[in-house]
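Following: one structure in structure tokens, then a few remarks.
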Amino acid sequence: MDSDELKFLLVDAQSGNKNSYKKFYDKVLPIIIYIVNAKVFNPDDRNDVVQDALLGIHKSLQSFDSSRDPLPWVKTITNYKIIDYIRKISKKNEHETLTPEGDVTIYGLSANSSIEDLRILGRLPESLRKPLMLAKLEGYSTTEIAGMMNIKENAVRTRISRAMKKLKKLLESDEEI
């Protein structure tokens with residue numbers, strides 16, 4: 001790929017030329033996809049990371065220094081978006097682990113836990129317990145849960161997050177007894 005051509009397109013796009021912006025976009029998209037595919041292992045998340053990188057490039061368009069090569073700039077923005085993604089999933093999954101049998105556990109509880117161990121879930125309100133169990137123990141997606149419960153996907157995610165926080169507090173208070 002010709003760096004000078006990319007630079008010309010990017011500088012032209014900075015001045016408002018939509019055709020140059022489209023051509024620049026078309027030329028860097030395969031590069032971004034290649035980088036993301038090499039570093040993001042979950043195929044379901046790759047498109048989101050690519051979109052985040054493209055949005056980052058769009059937002060940073062006016063700050064591009066035309067005396068520099070645009071390819072490292074594009075790669076850097078893409079890599080930062082990958083790092084953001086990794087941080088996001090690391091934070092989201094820090095309370096979940098995978099057992100050797102492939103079961104997901106939440107703070108040590110899984111679908112195969114004993115009834116005594118699962119009783120703590122009964123202390124959660126139904127509105128929080130149901131989406132948590134459907135998502136984390138039974139493996140349903142937020143879209144599927146939203147359909148089952150007749151609520152929005154965002155509400156499902158919020159309820160799961162609140163349930164996780166409450167469950168953590170309940171488990172911590174039980175350990176003190």
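Residues in the structure tokens are named by chain (A, B, ... in the order shown) and by number from 1 within that chain; ligands are numbered from 1 in the order shown.
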
I need the residues in chain A that are strand (DSSP E or B) according to DSSP; give them as a ChimeraX atom specification. /A:96-98,104-106,109

Polymer residues at most 10 Å from segment 153-165 of chain A, only C-alpha atoms, same-chain spacing of 4 or more positions, as a PyMOL selection string: chain A and resi 92+95+106-107+121+124-136+141-147+149+169-170

Selected residues written out with N, CA and C atoms, as a compact mmCIF listing (two decimals), in the first residue's frame:
# COMPACT_ATOMS: atom_id res chain seq x y z
N LYS A 92 -14.89 -7.47 33.00
CA LYS A 92 -16.19 -8.13 32.99
C LYS A 92 -16.08 -9.58 33.48
N HIS A 95 -14.78 -12.08 37.71
CA HIS A 95 -15.50 -12.85 38.72
C HIS A 95 -15.93 -14.22 38.20
N ILE A 106 -19.48 -18.62 38.86
CA ILE A 106 -19.58 -17.23 39.29
C ILE A 106 -19.25 -17.22 40.77
N TYR A 107 -18.13 -16.64 41.10
CA TYR A 107 -17.67 -16.64 42.48
C TYR A 107 -17.71 -18.06 43.06
N LEU A 121 -28.32 -17.85 45.98
CA LEU A 121 -28.99 -17.18 44.86
C LEU A 121 -30.44 -16.86 45.20
N LEU A 124 -31.35 -13.40 46.35
CA LEU A 124 -31.45 -12.29 45.39
C LEU A 124 -32.92 -12.10 45.01
N PRO A 125 -33.33 -10.87 44.74
CA PRO A 125 -34.70 -10.65 44.25
C PRO A 125 -34.89 -11.37 42.90
N GLU A 126 -36.07 -11.85 42.64
CA GLU A 126 -36.37 -12.59 41.40
C GLU A 126 -35.96 -11.80 40.16
N SER A 127 -36.17 -10.48 40.19
CA SER A 127 -35.86 -9.65 39.02
C SER A 127 -34.37 -9.66 38.70
N LEU A 128 -33.51 -9.93 39.70
CA LEU A 128 -32.07 -10.01 39.48
C LEU A 128 -31.61 -11.46 39.31
N ARG A 129 -32.23 -12.36 40.07
CA ARG A 129 -31.82 -13.76 40.05
C ARG A 129 -32.08 -14.41 38.69
N LYS A 130 -33.25 -14.16 38.12
CA LYS A 130 -33.62 -14.83 36.88
C LYS A 130 -32.66 -14.51 35.73
N PRO A 131 -32.39 -13.23 35.42
CA PRO A 131 -31.46 -12.97 34.30
C PRO A 131 -30.04 -13.47 34.59
N LEU A 132 -29.62 -13.42 35.87
CA LEU A 132 -28.30 -13.91 36.23
C LEU A 132 -28.18 -15.40 35.96
N MET A 133 -29.16 -16.16 36.41
CA MET A 133 -29.13 -17.61 36.22
C MET A 133 -29.24 -17.98 34.74
N LEU A 134 -30.11 -17.28 34.02
CA LEU A 134 -30.27 -17.58 32.60
C LEU A 134 -28.98 -17.30 31.83
N ALA A 135 -28.31 -16.20 32.16
CA ALA A 135 -27.10 -15.82 31.43
C ALA A 135 -25.88 -16.62 31.86
N LYS A 136 -25.63 -16.65 33.14
CA LYS A 136 -24.37 -17.20 33.63
C LYS A 136 -24.39 -18.70 33.86
N SER A 141 -28.08 -15.77 25.82
CA SER A 141 -27.57 -14.44 25.48
C SER A 141 -28.50 -13.39 26.06
N THR A 142 -28.01 -12.15 26.13
CA THR A 142 -28.86 -11.07 26.63
C THR A 142 -30.07 -10.84 25.73
N THR A 143 -29.90 -11.07 24.44
CA THR A 143 -31.02 -10.93 23.50
C THR A 143 -32.10 -11.95 23.80
N GLU A 144 -31.69 -13.19 24.04
CA GLU A 144 -32.66 -14.24 24.34
C GLU A 144 -33.36 -13.98 25.66
N ILE A 145 -32.61 -13.54 26.65
CA ILE A 145 -33.20 -13.26 27.96
C ILE A 145 -34.18 -12.09 27.87
N ALA A 146 -33.81 -11.08 27.11
CA ALA A 146 -34.70 -9.93 26.92
C ALA A 146 -36.03 -10.38 26.33
N GLY A 147 -35.97 -11.28 25.36
CA GLY A 147 -37.19 -11.81 24.76
C GLY A 147 -38.02 -12.62 25.75
N MET A 149 -38.05 -12.35 29.02
CA MET A 149 -38.55 -11.54 30.13
C MET A 149 -39.32 -10.30 29.69
N LYS A 169 -21.51 -9.31 47.53
CA LYS A 169 -21.70 -8.83 48.91
C LYS A 169 -22.26 -9.93 49.80
N LEU A 170 -23.24 -10.70 49.27
CA LEU A 170 -23.82 -11.79 50.04
C LEU A 170 -22.76 -12.85 50.37

Spatial neighbours of Leu54 of chain A, max dist 10 Å, only C-alpha atoms, sep filter under 6 positions, as a PyMOL selection string: chain A and resi 25+28-29+32+48+60+74+77-78+81

DSSP on the backbone, alpha helix (DSSP H) only: what residues of chain A does that give? Format it as JSON, numbers by chain. {"A": [3, 4, 5, 6, 7, 8, 9, 10, 11, 12, 13, 14, 18, 19, 20, 21, 22, 23, 24, 25, 26, 27, 28, 29, 30, 31, 32, 33, 34, 35, 36, 37, 38, 39, 43, 44, 45, 46, 47, 48, 49, 50, 51, 52, 53, 54, 55, 56, 57, 58, 59, 60, 70, 71, 72, 73, 74, 75, 76, 77, 78, 79, 80, 81, 82, 83, 84, 85, 86, 87, 88, 89, 90, 91, 92, 93, 115, 116, 117, 118, 126, 127, 128, 129, 130, 131, 132, 142, 143, 144, 145, 146, 147, 148, 149, 153, 154, 155, 156, 157, 158, 159, 160, 161, 162, 163, 164, 165, 166, 167, 168, 169, 170, 171, 172, 173, 174, 175, 176]}

Determine, for each residue of segment 28-94 of chain A having at least one atom at most 7 Å from an atom of segment 10-16 of chain A, the closest pair of atoms and their separation in Å to one decimal, counting only C-alpha atoms; order by chain and ascending number, as a tab-separated table.
residue	atom	partner	partner_atom	distance
A:Leu61	CA	A:Gln14	CA	6.4
A:Gln62	CA	A:Gln14	CA	5.8
A:Ser66	CA	A:Val11	CA	6.4

Take the residues from that selection and write them out as a short mmCIF file (atom, residue, chain, number, x, y, z; two decimals), in the first residue's frame, keeping C-alpha atoms.
data_model
loop_
_atom_site.label_atom_id
_atom_site.label_comp_id
_atom_site.auth_asym_id
_atom_site.auth_seq_id
_atom_site.Cartn_x
_atom_site.Cartn_y
_atom_site.Cartn_z
CA LEU A 61 -9.08 12.84 11.73
CA GLN A 62 -8.50 16.55 12.31
CA SER A 66 0.18 15.56 7.67
#
